[in-house]
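Peer 1: Hey, dropping my_file-v3.pdb in here, PDB, C-alpha atoms, pLDDT in the B column:
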```pdb
ATOM      1  CA  THR I   1      68.908 114.850  75.897  1.00 71.00           C
ATOM      2  CA  GLY I   2      66.105 116.317  77.980  1.00 86.00           C
ATOM      3  CA  LEU I   3      63.447 115.442  75.392  1.00 90.00           C
ATOM      4  CA  GLN I   4      61.078 113.738  77.843  1.00 92.00           C
ATOM      5  CA  GLY I   5      61.330 116.347  80.601  1.00 94.00           C
ATOM      6  CA  THR I   6      60.857 119.199  78.149  1.00 95.00           C
ATOM      7  CA  ALA I   7      57.849 117.481  76.561  1.00 95.00           C
ATOM      8  CA  ILE I   8      56.306 116.928  80.004  1.00 96.00           C
ATOM      9  CA  ALA I   9      56.786 120.584  80.963  1.00 97.00           C
ATOM     10  CA  GLU I  10      55.200 121.683  77.653  1.00 97.00           C
ATOM     11  CA  ALA I  11      52.224 119.335  78.155  1.00 97.00           C
ATOM     12  CA  LEU I  12      51.641 120.588  81.692  1.00 97.00           C
ATOM     13  CA  VAL I  13      51.799 124.236  80.600  1.00 97.00           C
ATOM     14  CA  SER I  14      49.324 123.433  77.783  1.00 96.00           C
ATOM     15  CA  ALA I  15      47.041 121.790  80.363  1.00 95.00           C
ATOM     16  CA  GLY I  16      47.032 125.039  82.371  1.00 94.00           C
ATOM     17  CA  GLY I  17      49.650 124.171  84.967  1.00 94.00           C
ATOM     18  CA  SER I  18      52.029 126.623  86.598  1.00 96.00           C
ATOM     19  CA  VAL I  19      55.333 124.916  85.792  1.00 97.00           C
ATOM     20  CA  THR I  20      58.811 125.420  87.218  1.00 97.00           C
ATOM     21  CA  PHE I  21      61.169 123.585  84.863  1.00 97.00           C
ATOM     22  CA  ILE I  22      64.516 122.813  86.484  1.00 97.00           C
ATOM     23  CA  THR I  23      66.766 121.489  83.761  1.00 95.00           C
ATOM     24  CA  GLY I  24      70.316 120.393  83.247  1.00 93.00           C
ATOM     25  CA  PRO I  25      72.359 121.398  80.214  1.00 90.00           C
ATOM     26  CA  VAL I  26      70.261 120.554  77.154  1.00 90.00           C
ATOM     27  CA  ASN I  27      70.188 121.831  73.584  1.00 90.00           C
ATOM     28  CA  LEU I  28      66.424 122.174  73.207  1.00 92.00           C
ATOM     29  CA  PRO I  29      64.020 125.080  72.999  1.00 94.00           C
ATOM     30  CA  MET I  30      62.679 125.687  76.488  1.00 95.00           C
ATOM     31  CA  PRO I  31      58.955 125.215  77.181  1.00 95.00           C
ATOM     32  CA  LYS I  32      57.128 128.508  76.672  1.00 95.00           C
ATOM     33  CA  GLY I  33      55.111 129.577  79.686  1.00 97.00           C
ATOM     34  CA  ALA I  34      57.244 127.707  82.237  1.00 97.00           C
ATOM     35  CA  GLU I  35      59.621 129.286  84.722  1.00 97.00           C
ATOM     36  CA  ILE I  36      63.034 128.050  83.540  1.00 97.00           C
ATOM     37  CA  VAL I  37      65.830 127.269  86.008  1.00 97.00           C
ATOM     38  CA  ARG I  38      69.074 126.028  84.456  1.00 96.00           C
ATOM     39  CA  VAL I  39      71.536 123.960  86.480  1.00 96.00           C
ATOM     40  CA  ASP I  40      74.735 122.109  85.659  1.00 92.00           C
ATOM     41  CA  THR I  41      75.189 119.552  88.446  1.00 92.00           C
ATOM     42  CA  ALA I  42      73.063 117.197  90.520  1.00 93.00           C
ATOM     43  CA  SER I  43      73.876 119.253  93.627  1.00 94.00           C
ATOM     44  CA  THR I  44      72.691 122.517  92.073  1.00 95.00           C
ATOM     45  CA  MET I  45      69.592 120.741  90.749  1.00 95.00           C
ATOM     46  CA  LEU I  46      68.719 119.580  94.272  1.00 96.00           C
ATOM     47  CA  GLN I  47      69.402 123.044  95.718  1.00 96.00           C
ATOM     48  CA  ASN I  48      67.076 124.622  93.172  1.00 96.00           C
ATOM     49  CA  VAL I  49      64.373 122.000  93.626  1.00 95.00           C
ATOM     50  CA  ILE I  50      64.272 122.860  97.336  1.00 95.00           C
ATOM     51  CA  LYS I  51      64.602 126.625  96.754  1.00 95.00           C
ATOM     52  CA  HIS I  52      61.721 126.833  94.244  1.00 95.00           C
ATOM     53  CA  GLY I  53      59.250 124.702  96.241  1.00 92.00           C
ATOM     54  CA  PRO I  54      56.787 123.919  97.648  1.00 93.00           C
ATOM     55  CA  TYR I  55      55.070 122.036  94.829  1.00 92.00           C
ATOM     56  CA  ASP I  56      51.689 120.418  94.356  1.00 95.00           C
ATOM     57  CA  ILE I  57      53.189 117.942  91.874  1.00 96.00           C
ATOM     58  CA  ALA I  58      56.837 116.980  91.395  1.00 96.00           C
ATOM     59  CA  ILE I  59      57.947 115.078  88.306  1.00 97.00           C
ATOM     60  CA  CYS I  60      61.558 113.912  88.275  1.00 95.00           C
ATOM     61  CA  ALA I  61      62.336 113.149  84.648  1.00 92.00           C
ATOM     62  CA  ALA I  62      65.966 114.280  84.557  1.00 84.00           C
ATOM     63  CA  ALA I  63      68.465 111.513  83.887  1.00 80.00           C
ATOM     64  CA  VAL I  64      70.797 112.628  86.670  1.00 86.00           C
ATOM     65  CA  SER I  65      73.886 110.486  86.980  1.00 85.00           C
ATOM     66  CA  ASP I  66      74.130 108.348  90.103  1.00 86.00           C
ATOM     67  CA  TRP I  67      77.838 109.134  90.418  1.00 90.00           C
ATOM     68  CA  CYS I  68      80.171 112.116  89.981  1.00 90.00           C
ATOM     69  CA  LEU I  69      83.864 112.773  90.402  1.00 91.00           C
ATOM     70  CA  LYS I  70      84.962 113.294  93.992  1.00 92.00           C
ATOM     71  CA  GLN I  71      87.472 115.914  92.922  1.00 90.00           C
ATOM     72  CA  ILE I  72      87.649 117.912  89.707  1.00 87.00           C
ATOM     73  CA  ALA I  73      91.071 119.030  88.511  1.00 86.00           C
ATOM     74  CA  ALA I  74      91.503 122.774  88.174  1.00 90.00           C
ATOM     75  CA  HIS I  75      93.671 122.322  85.078  1.00 88.00           C
ATOM     76  CA  LYS I  76      94.081 119.843  82.249  1.00 85.00           C
ATOM     77  CA  LEU I  77      95.875 116.669  83.283  1.00 80.00           C
ATOM     78  CA  LYS I  78      98.691 116.470  80.745  1.00 80.00           C
ATOM     79  CA  LYS I  79      99.859 113.077  79.487  1.00 79.00           C
ATOM     80  CA  GLU I  80     103.523 113.865  79.950  1.00 76.00           C
ATOM     81  CA  ASN I  81     102.972 114.727  83.633  1.00 67.00           C
ATOM     82  CA  SER I  82     101.245 111.495  84.551  1.00 65.00           C
ATOM     83  CA  VAL I  83     101.705 107.780  84.703  1.00 73.00           C
ATOM     84  CA  ASN I  84     100.092 105.365  82.231  1.00 80.00           C
ATOM     85  CA  SER I  85      96.732 105.313  83.987  1.00 81.00           C
ATOM     86  CA  LEU I  86      94.486 107.471  86.140  1.00 80.00           C
ATOM     87  CA  ASN I  87      92.492 106.417  89.140  1.00 84.00           C
ATOM     88  CA  LEU I  88      89.285 108.386  89.414  1.00 88.00           C
ATOM     89  CA  LYS I  89      87.299 108.425  92.639  1.00 94.00           C
ATOM     90  CA  LEU I  90      83.552 108.658  92.299  1.00 95.00           C
ATOM     91  CA  VAL I  91      80.968 109.611  94.912  1.00 94.00           C
ATOM     92  CA  LYS I  92      77.199 109.255  94.875  1.00 94.00           C
ATOM     93  CA  THR I  93      75.265 112.265  93.671  1.00 92.00           C
ATOM     94  CA  PRO I  94      72.398 113.557  95.823  1.00 93.00           C
ATOM     95  CA  ASP I  95      69.185 111.570  95.478  1.00 93.00           C
ATOM     96  CA  ILE I  96      66.846 114.299  94.264  1.00 94.00           C
ATOM     97  CA  LEU I  97      63.733 112.110  94.115  1.00 94.00           C
ATOM     98  CA  LYS I  98      64.278 110.817  97.673  1.00 94.00           C
ATOM     99  CA  ASN I  99      64.829 114.369  98.925  1.00 94.00           C
ATOM    100  CA  ILE I 100      61.555 115.505  97.337  1.00 94.00           C
ATOM    101  CA  CYS I 101      59.728 112.577  98.950  1.00 94.00           C
ATOM    102  CA  ASP I 102      61.093 113.699 102.324  1.00 93.00           C
ATOM    103  CA  LEU I 103      60.031 117.361 101.918  1.00 90.00           C
ATOM    104  CA  ALA I 104      57.591 118.985 104.290  1.00 89.00           C
ATOM    105  CA  PRO I 105      55.127 119.890 103.028  1.00 90.00           C
ATOM    106  CA  ARG I 106      55.198 116.909 100.720  1.00 94.00           C
ATOM    107  CA  PRO I 107      53.890 117.397  97.167  1.00 95.00           C
ATOM    108  CA  LYS I 108      50.439 115.876  96.582  1.00 96.00           C
ATOM    109  CA  LEU I 109      51.841 113.746  93.740  1.00 97.00           C
ATOM    110  CA  ILE I 110      55.469 112.712  93.264  1.00 97.00           C
ATOM    111  CA  VAL I 111      56.413 111.053  89.986  1.00 97.00           C
ATOM    112  CA  GLY I 112      59.819 109.495  89.471  1.00 96.00           C
ATOM    113  CA  PHE I 113      61.412 107.805  86.489  1.00 94.00           C
ATOM    114  CA  ALA I 114      63.264 104.513  86.444  1.00 91.00           C
ATOM    115  CA  ALA I 115      65.555 104.182  83.450  1.00 87.00           C
ATOM    116  CA  GLU I 116      66.504 100.521  83.554  1.00 87.00           C
ATOM    117  CA  THR I 117      68.578  98.153  81.424  1.00 87.00           C
ATOM    118  CA  ASP I 118      67.388  94.932  83.069  1.00 90.00           C
ATOM    119  CA  GLN I 119      64.736  93.645  85.480  1.00 93.00           C
ATOM    120  CA  LEU I 120      62.529  96.621  84.678  1.00 91.00           C
ATOM    121  CA  GLU I 121      59.520  95.707  86.806  1.00 93.00           C
ATOM    122  CA  LYS I 122      61.525  94.502  89.811  1.00 95.00           C
ATOM    123  CA  ASN I 123      63.740  97.596  89.850  1.00 94.00           C
ATOM    124  CA  ALA I 124      60.825  99.987  89.285  1.00 94.00           C
ATOM    125  CA  LEU I 125      58.833  98.480  92.175  1.00 95.00           C
ATOM    126  CA  LYS I 126      61.904  98.600  94.400  1.00 95.00           C
ATOM    127  CA  LYS I 127      62.397 102.281  93.552  1.00 94.00           C
ATOM    128  CA  LEU I 128      58.708 103.067  94.125  1.00 95.00           C
ATOM    129  CA  LYS I 129      58.943 101.569  97.620  1.00 95.00           C
ATOM    130  CA  SER I 130      62.397 102.811  98.652  1.00 94.00           C
ATOM    131  CA  LYS I 131      61.874 106.407  97.500  1.00 93.00           C
ATOM    132  CA  ARG I 132      58.258 106.496  98.743  1.00 94.00           C
ATOM    133  CA  CYS I 133      56.999 108.297  95.659  1.00 95.00           C
ATOM    134  CA  ASP I 134      53.491 107.942  94.256  1.00 97.00           C
ATOM    135  CA  TRP I 135      54.258 106.883  90.702  1.00 97.00           C
ATOM    136  CA  ILE I 136      57.287 105.438  88.950  1.00 97.00           C
ATOM    137  CA  LEU I 137      57.434 105.722  85.174  1.00 96.00           C
ATOM    138  CA  ALA I 138      59.770 102.969  84.044  1.00 94.00           C
ATOM    139  CA  ASN I 139      61.333 102.442  80.677  1.00 91.00           C
ATOM    140  CA  ASN I 140      63.944 100.104  79.294  1.00 84.00           C
ATOM    141  CA  VAL I 141      66.915 102.179  78.158  1.00 82.00           C
ATOM    142  CA  ASP I 142      68.993  99.254  76.940  1.00 77.00           C
ATOM    143  CA  SER I 143      70.735 100.291  73.719  1.00 73.00           C
ATOM    144  CA  LYS I 144      68.618  97.758  71.795  1.00 74.00           C
ATOM    145  CA  THR I 145      65.341  99.540  72.678  1.00 66.00           C
ATOM    146  CA  GLY I 146      66.287 102.790  70.965  1.00 59.00           C
ATOM    147  CA  VAL I 147      64.505 104.862  73.636  1.00 63.00           C
ATOM    148  CA  MET I 148      67.255 106.921  75.292  1.00 67.00           C
ATOM    149  CA  GLY I 149      67.846 110.137  73.364  1.00 65.00           C
ATOM    150  CA  GLN I 150      65.183 109.313  70.791  1.00 76.00           C
ATOM    151  CA  THR I 151      61.822 110.940  70.078  1.00 83.00           C
ATOM    152  CA  ASP I 152      59.685 107.994  71.176  1.00 89.00           C
ATOM    153  CA  THR I 153      59.370 105.941  74.330  1.00 91.00           C
ATOM    154  CA  LYS I 154      57.657 102.929  75.881  1.00 91.00           C
ATOM    155  CA  ILE I 155      56.628 103.481  79.500  1.00 94.00           C
ATOM    156  CA  MET I 156      55.174 101.404  82.313  1.00 95.00           C
ATOM    157  CA  LEU I 157      53.527 103.256  85.212  1.00 96.00           C
ATOM    158  CA  PHE I 158      53.789 101.673  88.663  1.00 96.00           C
ATOM    159  CA  SER I 159      51.793 102.916  91.656  1.00 96.00           C
ATOM    160  CA  ALA I 160      49.947 101.607  94.702  1.00 93.00           C
ATOM    161  CA  LYS I 161      47.055 100.926  92.295  1.00 93.00           C
ATOM    162  CA  GLY I 162      49.173  98.551  90.221  1.00 94.00           C
ATOM    163  CA  LYS I 163      50.836  98.615  86.825  1.00 95.00           C
ATOM    164  CA  LYS I 164      49.764 100.295  83.599  1.00 94.00           C
ATOM    165  CA  THR I 165      51.620  99.667  80.334  1.00 94.00           C
ATOM    166  CA  PHE I 166      51.567 102.269  77.596  1.00 94.00           C
ATOM    167  CA  PRO I 167      52.308 101.396  73.967  1.00 94.00           C
ATOM    168  CA  ARG I 168      55.372 102.817  72.250  1.00 92.00           C
ATOM    169  CA  MET I 169      54.627 106.426  71.262  1.00 95.00           C
ATOM    170  CA  SER I 170      56.307 109.772  70.832  1.00 95.00           C
ATOM    171  CA  LYS I 171      57.579 111.421  73.994  1.00 94.00           C
ATOM    172  CA  LYS I 172      55.287 114.373  73.225  1.00 95.00           C
ATOM    173  CA  ASP I 173      52.232 112.110  72.981  1.00 97.00           C
ATOM    174  CA  PHE I 174      53.211 110.313  76.175  1.00 96.00           C
ATOM    175  CA  SER I 175      53.626 113.664  77.942  1.00 96.00           C
ATOM    176  CA  LYS I 176      50.100 114.716  76.941  1.00 97.00           C
ATOM    177  CA  LEU I 177      48.809 111.361  78.185  1.00 96.00           C
ATOM    178  CA  LEU I 178      50.721 111.858  81.454  1.00 96.00           C
ATOM    179  CA  ALA I 179      49.204 115.337  81.907  1.00 96.00           C
ATOM    180  CA  ASP I 180      45.740 113.792  81.350  1.00 95.00           C
ATOM    181  CA  ASN I 181      46.466 111.041  83.909  1.00 93.00           C
ATOM    182  CA  ILE I 182      47.619 113.652  86.429  1.00 95.00           C
ATOM    183  CA  SER I 183      44.440 115.693  85.866  1.00 92.00           C
ATOM    184  CA  LYS I 184      42.302 112.579  86.445  1.00 91.00           C
ATOM    185  CA  GLU I 185      44.172 111.944  89.692  1.00 89.00           C
ATOM    186  CA  PHE I 186      42.930 115.287  91.044  1.00 85.00           C
ATOM    187  CA  GLU I 187      39.289 115.119  89.809  1.00 78.00           C
TER     188      GLU I 187
END
```
Write the structure described by the file as structure tokens, please.
Peer 2:
Amino acid sequence: TGLQGTAIAEALVSAGGSVTFITGPVNLPMPKGAEIVRVDTASTMLQNVIKHGPYDIAICAAAVSDWCLKQIAAHKLKKENSVNSLNLKLVKTPDILKNICDLAPRPKLIVGFAAETDQLEKNALKKLKSKRCDWILANNVDSKTGVMGQTDTKIMLFSAKGKKTFPRMSKKDFSKLLADNISKEFE
């Protein structure tokens, strides 16, 4: 839905940040005061992330799919022209967070998200290490939690300093808290 990313961009603009907001297709009002860059695929998101850098802080809140179709049909695949089933080939999408972590110059703070359905802490710590980012903001997006696509969230922050658990709160309130935590990091 883009609710969390938009709320983060708004909070950072309100905190006085110069924000470039690279967003996929969402149906939300865009954050006033941010430079808006609209994209429609993971590949174009990565291209624009690189093009609009360098950054002091990079926050990867977009829920970019891990997979996409290898080939997209130019025309509708009609039922009467096909067999009873289709075999779709998927390929991995570019790893935007990993690419940002490998940039030179590297941002001073890189924040990634881990949307998990199981083993939240284990998977978040694995992502923190494998991507080499500074912070991972992890949340359980299992359908029972009611977080994905909703107005509130429950986040755990993982970093080299350890783990910090935030109570369930609105995504806007969490975004303000995140902006405050980022400011404290640079005091």
Peer 1: Each residue of region 42-153 of chain I lying at most 10 Å from region 158-167 of chain I should get a row with its shortest atom-to-atom pair and the distance in Å to one decimal, counting all atoms listed in the file; could you produce that, ordered by chain and increasing number, as a Markdown table?
Peer 2:
```
| residue | atom | partner | partner_atom | distance |
| --- | --- | --- | --- | --- |
| I:Val111 | CA | I:Ser159 | CA | 9.5 |
| I:Gly112 | CA | I:Phe158 | CA | 9.9 |
| I:Glu121 | CA | I:Phe158 | CA | 8.5 |
| I:Ala124 | CA | I:Phe158 | CA | 7.3 |
| I:Leu125 | CA | I:Phe158 | CA | 6.9 |
| I:Lys127 | CA | I:Phe158 | CA | 9.9 |
| I:Leu128 | CA | I:Ser159 | CA | 7.3 |
| I:Lys129 | CA | I:Ser159 | CA | 9.4 |
| I:Cys133 | CA | I:Ser159 | CA | 8.5 |
| I:Asp134 | CA | I:Ser159 | CA | 5.9 |
| I:Trp135 | CA | I:Ser159 | CA | 4.8 |
| I:Ile136 | CA | I:Phe158 | CA | 5.1 |
| I:Leu137 | CA | I:Phe158 | CA | 6.5 |
| I:Ala138 | CA | I:Phe158 | CA | 7.7 |
| I:Thr153 | CA | I:Pro167 | CA | 8.4 |
```
Peer 1: From the set I:Ser175, I:Asn48, I:Asn139, I:Gln150, which residue has the shortest atom-to-atom contact distance to Asn123 (chain I), counting only C-alpha atoms?
Peer 2: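 The answer is I:Asn139, which sits nearest to Asn123 (chain I).
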Peer 1: Taking the file as I've supplied it (selection: the PyMOL selection byres ((chain I and resi 1-17) around 10)), which residues are included? Please answer as number ranges by chain.
Peer 2: I: 18-35, 57, 59-63, 148-153, 170-180, 182-183
Peer 1: On this structure, which residues satisfy the PyMOL selection byres ((chain I and resi 66-81) around 7), written as an mmCIF file with C-alpha atoms, keeping the file's coordinate frame?
Peer 2:
```cif
data_model
loop_
_atom_site.group_PDB
_atom_site.id
_atom_site.type_symbol
_atom_site.label_atom_id
_atom_site.label_comp_id
_atom_site.auth_asym_id
_atom_site.auth_seq_id
_atom_site.Cartn_x
_atom_site.Cartn_y
_atom_site.Cartn_z
ATOM 1 C CA VAL I 64 70.797 112.628 86.670
ATOM 2 C CA SER I 65 73.886 110.486 86.980
ATOM 3 C CA SER I 82 101.245 111.495 84.551
ATOM 4 C CA LYS I 89 87.299 108.425 92.639
ATOM 5 C CA LEU I 90 83.552 108.658 92.299
ATOM 6 C CA VAL I 91 80.968 109.611 94.912
ATOM 7 C CA LYS I 92 77.199 109.255 94.875
ATOM 8 C CA THR I 93 75.265 112.265 93.671
#
```
Peer 1: Taking all atoms listed in the file into account, name the residue in I:Ile36, I:Val49, I:Met169, I:Val141 that is nearest to Gln119 (chain I).
Peer 2: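 Distance minimum relative to Gln119 (chain I) lands on I:Val141.
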Peer 1: Nearest to Phe113 (chain I) among I:Ile100, I:Glu185, I:Leu88, I:Leu157, with distances taken over only C-alpha atoms: which residue is it?
Peer 2: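 Selected residue with least distance to Phe113 (chain I): I:Leu157.
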Peer 1: Quick one, how far is CA of Pro105 (chain I) from CA of Val39 (chain I)?
Peer 2: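 Atom-to-atom, CA of Pro105 (chain I) to CA of Val39 (chain I), that is 23.7 Å.
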Peer 1: One decimal, in Å: what's the spacing between CA of Leu46 (chain I) and CA of Lys126 (chain I)?
Peer 2: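 Between CA of Leu46 (chain I) and CA of Lys126 (chain I) the gap is 22.1 Å.
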Peer 1: Name the residues, using the chain letters and numbers of the file, that sit within 9 Å of (51.4, 119.1, 96.4) when counting all atoms listed in the file, and give them as a ChimeraX atom specification.
Peer 2: /I:54-58,105-110
Peer 1: Exactly which residues make up the result of the PyMOL selection byres ((chain I and resi 116) around 7) on this file, given as a ChimeraX atom specification?
Peer 2: /I:114-115,117-118,120,139-141
Peer 1: For the atom pair CA of Pro94 (chain I) and CA of Asp40 (chain I), what is the interatomic distance in Å to one decimal place?
Peer 2: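 These atoms are spaced 13.5 Å apart.
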